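Worksheet: the structure to be examined is printed underneath.
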Amino acid sequence: MSPASIRLILWVLVTAFMLAVPWLVPALLNAFWVSVIAEILIWSLFAASVNLLYGYTGLLSFGQALYFGFGMYGVAIGIQDLHLSFWPALGLGIVAAMAMALVTGILAVRLTWHYFAIITVVFSLIFYFLALSNKWLTGGDDGINFSLPPTFRIGGFTRSLTDATFQYEFILATVALCFWLMWRLIESPLGKALVAIRDNDVRASLIGLNVYLLRLIAFVLAGFLAGVSGALFAFFGRYASASYMFYHVSGEAVVWTIVGGAGTLLGPVVGTTLFIIVRELVSTHWEHHSLIVGAVAIVVVIFAPKGVVGLWNDWMAPSAAGLGRPAGAAALRTEP
Amino acid sequence: MDKVFLLATNGLIWGLIIALIALGLAVIFGLLDIINLAHGDFFMVGTVLAWATMQTTGSFWLAFIVAPLIGFLLGALIQRVIIQPIHNVAALSIVATFGLSLILQESVRITYGPTPGRILAPISGTIHMFGVDYEIYRLFAAAVAILALGGFFVFLNHTKLGTWMRAVRHDRDTAIAMGIPAGRIYVLTFGIGFALAALGGVVAAPITTVDFRGGVDILPFCFMAVIIGGLGNLPGTAAAAVLLAFLEGIIQSVADPTVARIASLLLMSAVLLLRPQGLFQGLTR
């Protein structure tokens with residue numbers, strides 16, 4: 001079978017499975033796994049924001065949790081304090097995350113490589129501590145709980161995320177839309193320009209690309225992805241908390257992205273799925289599942305430095321360098 | 001005024017301990033280009049080793065030798081097994097050391113247990129100075145930290161191995177051409193980095209708690225010291241650690257610790273944006 005047809009079959013199978021989850025999974029396993037899959041979708045989107053910056057633009061951000069947190073708090077504060085309905089609250093979360101990404105990005109993208117990684121984590125820590133100390137607004141570590149407003153209310157027809165099936169469908173649709181947008185972005189001239197900067201920023205500036213502005217655009221778009229995932233997670237948990245802005249959350253997304261395959265569209269999804277499923281499978285049987293998570297991370301970077309998807313692409317196209325995207329982000333920019 | 005003095009002195013001494021740990025981070029970072037996310041856990045392992053030494057031998061003093069030694073061996077082993085196969089690629093090192101961090105924390109949780117514990121200082125009692133009663137152990141801790149810092153710089157600048165370490169960092173290929181075993185120097189460096197953090201853990205153990213999550217808060221602080229001091233500038237790193245902790249101590253005397261932490265983070269942003277080469281670059285030449 002040719003690589004193209006293997007890919008096609010996989011796509012069809014995965015799509016069919018994802019659509020059938022609300023019915024198939026409770027029948028085969030139990031309803032709990034539907035929410036695990038919904039959570040995987042949300043965190044995959046979060047990892048995608050790391051991937052857009054690192055895998056496609058060559059900027060390793062260690063502070064994406066900041067924008068995740070802003071998306072989350074935008075929704076929670078919007079509903080709880082400002083009494084917004086569903087869609088305005090979602091919009092508030094996304095706008096808050098993008099605005100924050102713009103403000104911090106103006107400063108952060110002046111730096112690259114180690115310095116960029118550090119300044120992003122510093123910015124996220126500043127707001128983490130601010131969120132911890134301003135309990136009146138954020139609830140600190142305890143967070144804010146809120147009750148969900150209905151998503152649609154047209155006449156007598158109401159739909160709300162309290163319905164588990166609708167919640168799953170809503171998350172799947174939103175995440176799929178974001179990944180479609182990201183795919184369009186990568187295929188667009190803008191995406192090619194970002195990859196050019198990733199591969200060699202000096203050369204990119206010599207052919208007339210405005211490296212600073214393009215990096216800033218990528219940073220704000222990554223803030224959008226992180227903001228959407230944070231907003232979704234707030235709706236999913238009916239909850240927002242400062243603890244999701246800690247650097248560990250950002251770090252996990254970096255690990256998921258690199259293990260899955262940075263610089264590939266679906267790498268973050270694969271990495272996130274791998275880690276969350278291992279966590280869910282093992283944690284019910286064995287308290288010390290972190291040992292396995294740690295070991296998996298180490299084994300993958302030693303034996304598959306391009307990530308799982310990078311390895312897969314190499315298998316599928318061993319000779320043709322033109323097929324598949326160069327997943328060489330891992331080997332990239334080894335010096336400042 | 002007493003409170004300012006107390007917190008400033010506490011900050012200063014804590015800064016000296018952090019300087020030890022941050023120096024370990026800077027050595028690993030500078031020579032191997034490894035962003036070591038497990039470094040806070042190296043410190044934590046040091047505190048646990050201090051506790052374990054006390055449990056098995058009944059003597060805290062032995063820990064000052066045992067913990068750095070075990071730390072060195074663990075560090076050398078980790079370099080060989082985990083770090084060496086990823087060829088010093090910084091991005092992969094982040095993932096690998098993140099995994100290592102999880103493994104270290106979980107191993108300690110299994111063996112030591114999940115509840116934080118305390119170690120009694122081996123020197124009890126206080127000394128009256130500048131109007132406050134100050135714990136003698138803290139002064140002792142400061143002395144140990146200063147001795148270790150001094151010892152490290154003597155080792156780095158005045159011994160053959162130290163010179164080799166600097167040579168490999170400066171120009172790996174030339175160093176190899178001159179016959180320096182770069183591979184072994186990497187192992188040595190990682191071992192020394194772990195040993196410094198473990199020693200910091202022993203010194204700090206009676207001051208702080210012994211907890212499997214004890215490294216999580218230390219890590220950002222060490223990175224701050226490394227950046228503010230300037231990447232690769234080892235004396236700068238040590239100075240920055242002391243300066244930062246001292247400033248946080250002073251701010252804590254008028255505001256709560258979170259404000260102090262935010263202030264040092266803001267300072268760090270300013271340094272990164274205005275002087276990314278570090279605060280002390282140009283002064284140490």
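Starting from 1 in every chain, residues are counted up; chains themselves are A, B, ... following the order of the structure tokens, and ligands are numbered from 1 as listed.
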
(message) Using only C-alpha atoms, I'd like every residue of chain A that has an atom within 7 Å of chain B; please write them out as a list in words.
(response) Ile119, Val122, Ile126, Phe129, Ser133, Val255, His288, Ser290, Leu291, Val293, Gly294, Ala295, Ala297, Ile298, Val301, Ile302, Ala330, Ala331 and Thr334 of chain A

Would you list the contacts of Asp133 in chain B as a PDB file with N, CA and C atoms, in the first residue's frame, taking every protein, DNA or RNA residue within 12 Å and counting only C-alpha atoms, but skipping same-chain residues closer than 3 positions in sequence?
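This is the output file selection.pdb:
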ATOM      1  N   ASP B   2      14.624  46.234  63.122  1.00  0.00           N
ATOM      2  CA  ASP B   2      15.068  44.887  63.427  1.00  0.00           C
ATOM      3  C   ASP B   2      14.582  43.909  62.388  1.00  0.00           C
ATOM      4  N   LYS B   3      13.320  44.113  61.983  1.00  0.00           N
ATOM      5  CA  LYS B   3      12.714  43.207  61.027  1.00  0.00           C
ATOM      6  C   LYS B   3      13.427  43.309  59.677  1.00  0.00           C
ATOM      7  N   PHE B   5      16.499  44.171  59.202  1.00  0.00           N
ATOM      8  CA  PHE B   5      17.808  43.531  59.348  1.00  0.00           C
ATOM      9  C   PHE B   5      17.674  42.008  59.253  1.00  0.00           C
ATOM     10  N   LEU B   6      16.679  41.500  59.983  1.00  0.00           N
ATOM     11  CA  LEU B   6      16.495  40.057  60.034  1.00  0.00           C
ATOM     12  C   LEU B   6      16.219  39.503  58.634  1.00  0.00           C
ATOM     13  N   THR B   9      19.193  39.865  56.251  1.00  0.00           N
ATOM     14  CA  THR B   9      20.234  38.870  56.519  1.00  0.00           C
ATOM     15  C   THR B   9      19.787  37.484  56.076  1.00  0.00           C
ATOM     16  N   GLY B 125      20.621  27.197  69.047  1.00  0.00           N
ATOM     17  CA  GLY B 125      21.004  28.399  69.767  1.00  0.00           C
ATOM     18  C   GLY B 125      21.044  29.623  68.876  1.00  0.00           C
ATOM     19  N   THR B 126      21.038  30.755  69.492  1.00  0.00           N
ATOM     20  CA  THR B 126      21.035  32.007  68.751  1.00  0.00           C
ATOM     21  C   THR B 126      22.161  32.891  69.257  1.00  0.00           C
ATOM     22  N   ILE B 127      22.483  33.857  68.458  1.00  0.00           N
ATOM     23  CA  ILE B 127      23.518  34.809  68.843  1.00  0.00           C
ATOM     24  C   ILE B 127      22.896  36.193  68.764  1.00  0.00           C
ATOM     25  N   HIS B 128      23.244  37.025  69.715  1.00  0.00           N
ATOM     26  CA  HIS B 128      22.642  38.362  69.746  1.00  0.00           C
ATOM     27  C   HIS B 128      23.501  39.321  68.930  1.00  0.00           C
ATOM     28  N   MET B 129      22.912  39.824  67.830  1.00  0.00           N
ATOM     29  CA  MET B 129      23.688  40.809  67.075  1.00  0.00           C
ATOM     30  C   MET B 129      22.758  41.851  66.472  1.00  0.00           C
ATOM     31  N   PHE B 130      23.183  43.072  66.461  1.00  0.00           N
ATOM     32  CA  PHE B 130      22.427  44.220  65.918  1.00  0.00           C
ATOM     33  C   PHE B 130      20.986  44.239  66.415  1.00  0.00           C
ATOM     34  N   ILE B 136      22.365  30.614  64.976  1.00  0.00           N
ATOM     35  CA  ILE B 136      23.782  30.386  64.650  1.00  0.00           C
ATOM     36  C   ILE B 136      23.904  29.506  63.402  1.00  0.00           C
ATOM     37  N   ARG B 138      22.303  29.459  60.726  1.00  0.00           N
ATOM     38  CA  ARG B 138      22.249  30.206  59.464  1.00  0.00           C
ATOM     39  C   ARG B 138      23.600  30.840  59.134  1.00  0.00           C
ATOM     40  N   LEU B 139      24.259  31.342  60.174  1.00  0.00           N
ATOM     41  CA  LEU B 139      25.586  31.918  59.941  1.00  0.00           C
ATOM     42  C   LEU B 139      26.556  30.828  59.491  1.00  0.00           C
TER      43      LEU B 139
END

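Candidate residues A:Pro149, A:Gly271, A:Gly155, A:Gly139 were compared for distance to Val254 in chain A, and the nearest is A:Gly271, using only C-alpha atoms.
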
(message) What parts of range 3-159 of chain B does DSSP call alpha helix (DSSP H)? I'd like the answer as an NGL selection string.
(response) :B and (3-32 or 39-57 or 63-78 or 90-111 or 136-158)

(request) Pick out the closest residue to Asn157 in chain B from this set: B:Leu234, B:Ala142, B:Ala177, B:Leu62. Count only C-alpha atoms. (result) B:Leu234

(request) List the neighbours of Tyr186 in chain B out to 12 Å using only C-alpha atoms; skip same-chain residues closer than 5 positions along the sequence, and give me the result as a ChimeraX atom specification. (result) /B:27-34,75-80,83-84,87-88,161-162,164-169,172,180-181,191-193

Can you write just those residues out, N, CA and C atoms, as a short mmCIF file (atom, residue, chain, number, x, y, z; two decimals), in the first residue's frame?
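File written: result_25.cif
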data_model
loop_
_atom_site.label_atom_id
_atom_site.label_comp_id
_atom_site.auth_asym_id
_atom_site.auth_seq_id
_atom_site.Cartn_x
_atom_site.Cartn_y
_atom_site.Cartn_z
N VAL B 27 26.84 25.96 35.33
CA VAL B 27 27.93 25.13 34.81
C VAL B 27 27.38 24.17 33.75
N ILE B 28 26.24 23.55 34.07
CA ILE B 28 25.64 22.60 33.14
C ILE B 28 25.17 23.33 31.88
N PHE B 29 24.53 24.48 32.09
CA PHE B 29 24.01 25.27 30.98
C PHE B 29 25.16 25.76 30.09
N GLY B 30 26.19 26.30 30.72
CA GLY B 30 27.27 26.91 29.97
C GLY B 30 28.07 25.90 29.17
N LEU B 31 28.33 24.75 29.75
CA LEU B 31 29.22 23.80 29.08
C LEU B 31 28.45 22.88 28.14
N LEU B 32 27.29 22.42 28.56
CA LEU B 32 26.60 21.40 27.78
C LEU B 32 25.44 21.95 26.98
N ASP B 33 25.10 23.24 27.17
CA ASP B 33 23.95 23.83 26.49
C ASP B 33 22.66 23.08 26.84
N ILE B 34 22.61 22.57 28.05
CA ILE B 34 21.45 21.82 28.51
C ILE B 34 20.60 22.74 29.37
N GLY B 75 24.77 12.39 39.08
CA GLY B 75 24.91 13.32 37.95
C GLY B 75 25.69 12.69 36.81
N ALA B 76 26.80 12.03 37.14
CA ALA B 76 27.61 11.38 36.11
C ALA B 76 26.80 10.31 35.40
N LEU B 77 26.06 9.54 36.19
CA LEU B 77 25.23 8.48 35.61
C LEU B 77 24.17 9.06 34.69
N ILE B 78 23.50 10.13 35.15
CA ILE B 78 22.45 10.75 34.35
C ILE B 78 23.02 11.29 33.05
N GLN B 79 24.20 11.90 33.12
CA GLN B 79 24.80 12.43 31.89
C GLN B 79 25.03 11.30 30.89
N ARG B 80 25.59 10.18 31.38
CA ARG B 80 25.88 9.06 30.49
C ARG B 80 24.61 8.46 29.88
N ILE B 83 21.58 12.29 29.07
CA ILE B 83 21.95 13.53 28.40
C ILE B 83 22.83 13.27 27.19
N GLN B 84 23.77 12.34 27.32
CA GLN B 84 24.70 12.11 26.22
C GLN B 84 24.01 11.66 24.93
N HIS B 87 22.79 14.43 22.46
CA HIS B 87 23.79 15.27 21.80
C HIS B 87 23.63 16.75 22.10
N ASN B 88 23.34 17.07 23.33
CA ASN B 88 23.31 18.47 23.75
C ASN B 88 22.36 19.35 22.93
N LEU B 161 41.80 19.94 35.80
CA LEU B 161 40.45 19.59 35.37
C LEU B 161 39.60 20.84 35.14
N GLY B 162 39.77 21.81 36.02
CA GLY B 162 39.03 23.06 35.87
C GLY B 162 39.39 23.75 34.57
N TRP B 164 40.53 22.30 31.93
CA TRP B 164 39.94 21.50 30.85
C TRP B 164 38.47 21.86 30.65
N MET B 165 37.76 21.99 31.79
CA MET B 165 36.34 22.35 31.68
C MET B 165 36.17 23.67 30.95
N ARG B 166 36.99 24.65 31.31
CA ARG B 166 36.87 25.95 30.65
C ARG B 166 37.27 25.83 29.18
N ALA B 167 38.26 24.99 28.90
CA ALA B 167 38.71 24.84 27.51
C ALA B 167 37.62 24.22 26.65
N VAL B 168 36.96 23.17 27.18
CA VAL B 168 35.91 22.51 26.39
C VAL B 168 34.75 23.47 26.16
N ARG B 169 34.45 24.28 27.18
CA ARG B 169 33.36 25.23 27.00
C ARG B 169 33.73 26.27 25.95
N ARG B 172 35.17 23.43 21.88
CA ARG B 172 35.17 21.99 22.07
C ARG B 172 36.14 21.30 21.11
N ILE B 180 42.22 16.82 25.04
CA ILE B 180 41.37 16.83 26.24
C ILE B 180 40.19 15.88 26.02
N PRO B 181 39.96 14.95 26.94
CA PRO B 181 38.85 14.00 26.76
C PRO B 181 37.50 14.67 27.01
N GLY B 191 28.24 15.96 36.76
CA GLY B 191 28.39 15.48 38.14
C GLY B 191 28.60 16.64 39.10
N ILE B 192 29.47 17.58 38.71
CA ILE B 192 29.75 18.72 39.59
C ILE B 192 28.49 19.57 39.75
N GLY B 193 27.74 19.74 38.65
CA GLY B 193 26.50 20.51 38.72
C GLY B 193 25.53 19.91 39.73
#

(message) Could you go through range 6-187 of chain A and tell me which residues DSSP, when run on the backbone, assigns to strand (DSSP E or B), listing them as an NGL selection string?
(response) :A and (144-145 or 152-154 or 157-159)

(message) Taking 6 positions as the minimum chain separation for residues in the same chain, which residues sit within 9 Å of Pro122 in chain B when counting only C-alpha atoms? Answer as an MDAnalysis selection string.
(response) chainID B and resid 59:61 137 206

(request) With a distance cut-off of 9 Å and only C-alpha atoms, select the neighbouring residues of Gly237 in chain A, excluding the residue or stretch itself and same-chain residues fewer than 4 positions from it, and output the selection as a list in words. (result) Asn145, Leu232 and Phe233 of chain A

Using only C-alpha atoms, determine which residues lie at most 12 Å from Leu244 in chain B, disregarding the query and same-chain residues fewer than 6 positions distant; provide the list as a PDB file with C-alpha atoms, in the first residue's frame.
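result-v1.pdb was written with the following content:
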ATOM      1  CA  ALA B   8      17.781  41.181  54.777  1.00  0.00           C
ATOM      2  CA  GLY B  11      17.851  36.928  52.253  1.00  0.00           C
ATOM      3  CA  LEU B  12      21.599  37.290  52.056  1.00  0.00           C
ATOM      4  CA  ILE B  13      22.219  33.835  53.503  1.00  0.00           C
ATOM      5  CA  TRP B  14      19.515  32.236  51.410  1.00  0.00           C
ATOM      6  CA  GLY B  15      21.117  33.978  48.421  1.00  0.00           C
ATOM      7  CA  LEU B  16      24.471  32.376  49.188  1.00  0.00           C
ATOM      8  CA  ILE B  18      20.949  29.668  46.045  1.00  0.00           C
ATOM      9  CA  ALA B  19      24.237  30.846  44.533  1.00  0.00           C
ATOM     10  CA  ALA B  22      22.513  28.298  40.560  1.00  0.00           C
ATOM     11  CA  PHE B 221      14.931  31.450  41.104  1.00  0.00           C
ATOM     12  CA  CYS B 222      18.087  29.717  39.898  1.00  0.00           C
ATOM     13  CA  PHE B 223      17.243  30.510  36.289  1.00  0.00           C
ATOM     14  CA  MET B 224      16.753  34.133  37.263  1.00  0.00           C
ATOM     15  CA  ALA B 225      20.195  34.212  38.837  1.00  0.00           C
ATOM     16  CA  VAL B 226      21.764  32.608  35.769  1.00  0.00           C
ATOM     17  CA  ILE B 227      20.131  35.099  33.397  1.00  0.00           C
ATOM     18  CA  ILE B 228      20.649  38.221  35.486  1.00  0.00           C
ATOM     19  CA  GLY B 229      24.235  37.222  36.085  1.00  0.00           C
ATOM     20  CA  GLY B 236      27.980  36.923  37.815  1.00  0.00           C
ATOM     21  CA  THR B 237      25.523  34.109  38.496  1.00  0.00           C
ATOM     22  CA  ALA B 238      26.659  33.788  42.101  1.00  0.00           C
ATOM     23  CA  ILE B 250      14.363  43.700  51.998  1.00  0.00           C
ATOM     24  CA  ILE B 251      11.103  43.972  50.051  1.00  0.00           C
ATOM     25  CA  ALA B 260       8.882  40.588  46.492  1.00  0.00           C
ATOM     26  CA  ARG B 261       8.799  37.752  43.955  1.00  0.00           C
ATOM     27  CA  ILE B 262       7.004  39.916  41.400  1.00  0.00           C
ATOM     28  CA  ALA B 263       9.564  42.681  41.937  1.00  0.00           C
ATOM     29  CA  SER B 264      12.476  40.371  41.185  1.00  0.00           C
ATOM     30  CA  LEU B 265      10.645  39.004  38.138  1.00  0.00           C
ATOM     31  CA  LEU B 266      10.163  42.556  36.870  1.00  0.00           C
ATOM     32  CA  LEU B 267      13.837  43.264  37.491  1.00  0.00           C
ATOM     33  CA  MET B 268      14.644  40.179  35.494  1.00  0.00           C
ATOM     34  CA  LEU B 279      23.957  42.744  34.578  1.00  0.00           C
TER      35      LEU B 279
END

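As for CA of Tyr244 in chain A and CA of Tyr115 in chain A, they are spaced 23.0 Å apart.
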
(message) Taking 5 positions as the minimum chain separation for residues in the same chain, which residues sit within 9 Å of Thr57 in chain A when counting only C-alpha atoms? Answer as a ChimeraX atom specification.
(response) /A:51-52,191,193-199,214-215,218,263

Resulting file, chosen residues, C-alpha atoms, as a PDB file, in the first residue's frame:
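Heads up, here's the output in part-v2.pdb:
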ATOM      1  CA  ASN A  51       3.923  24.102  18.103  1.00  0.00           C
ATOM      2  CA  LEU A  52       3.024  27.186  16.061  1.00  0.00           C
ATOM      3  CA  GLY A 191       3.086  30.230   7.122  1.00  0.00           C
ATOM      4  CA  ALA A 193       7.413  33.047   5.811  1.00  0.00           C
ATOM      5  CA  LEU A 194       7.310  31.778   9.402  1.00  0.00           C
ATOM      6  CA  VAL A 195       9.060  28.549   8.395  1.00  0.00           C
ATOM      7  CA  ALA A 196      11.667  30.615   6.549  1.00  0.00           C
ATOM      8  CA  ILE A 197      12.328  32.521   9.780  1.00  0.00           C
ATOM      9  CA  ARG A 198      12.521  29.257  11.695  1.00  0.00           C
ATOM     10  CA  ASP A 199      15.081  27.831   9.309  1.00  0.00           C
ATOM     11  CA  LEU A 214       6.083  38.139  11.546  1.00  0.00           C
ATOM     12  CA  ARG A 215       7.242  36.732  14.863  1.00  0.00           C
ATOM     13  CA  ALA A 218       2.873  34.246  15.161  1.00  0.00           C
ATOM     14  CA  GLY A 263       6.775  21.206  13.193  1.00  0.00           C
TER      15      GLY A 263
END

Counting only C-alpha atoms, which residues of range 118-170 of chain B fall within 8 Å of range 207-210 of chain B, and what is the closest atom pair for each with its distance in Å at one decimal, ordered by chain and rising number, as a tab-separated table?
residue	atom	partner	partner_atom	distance
B:Arg118	CA	B:Thr209	CA	5.1
B:Ile119	CA	B:Thr209	CA	7.4
B:Ala121	CA	B:Ile207	CA	7.6
B:Arg138	CA	B:Ile207	CA	7.6
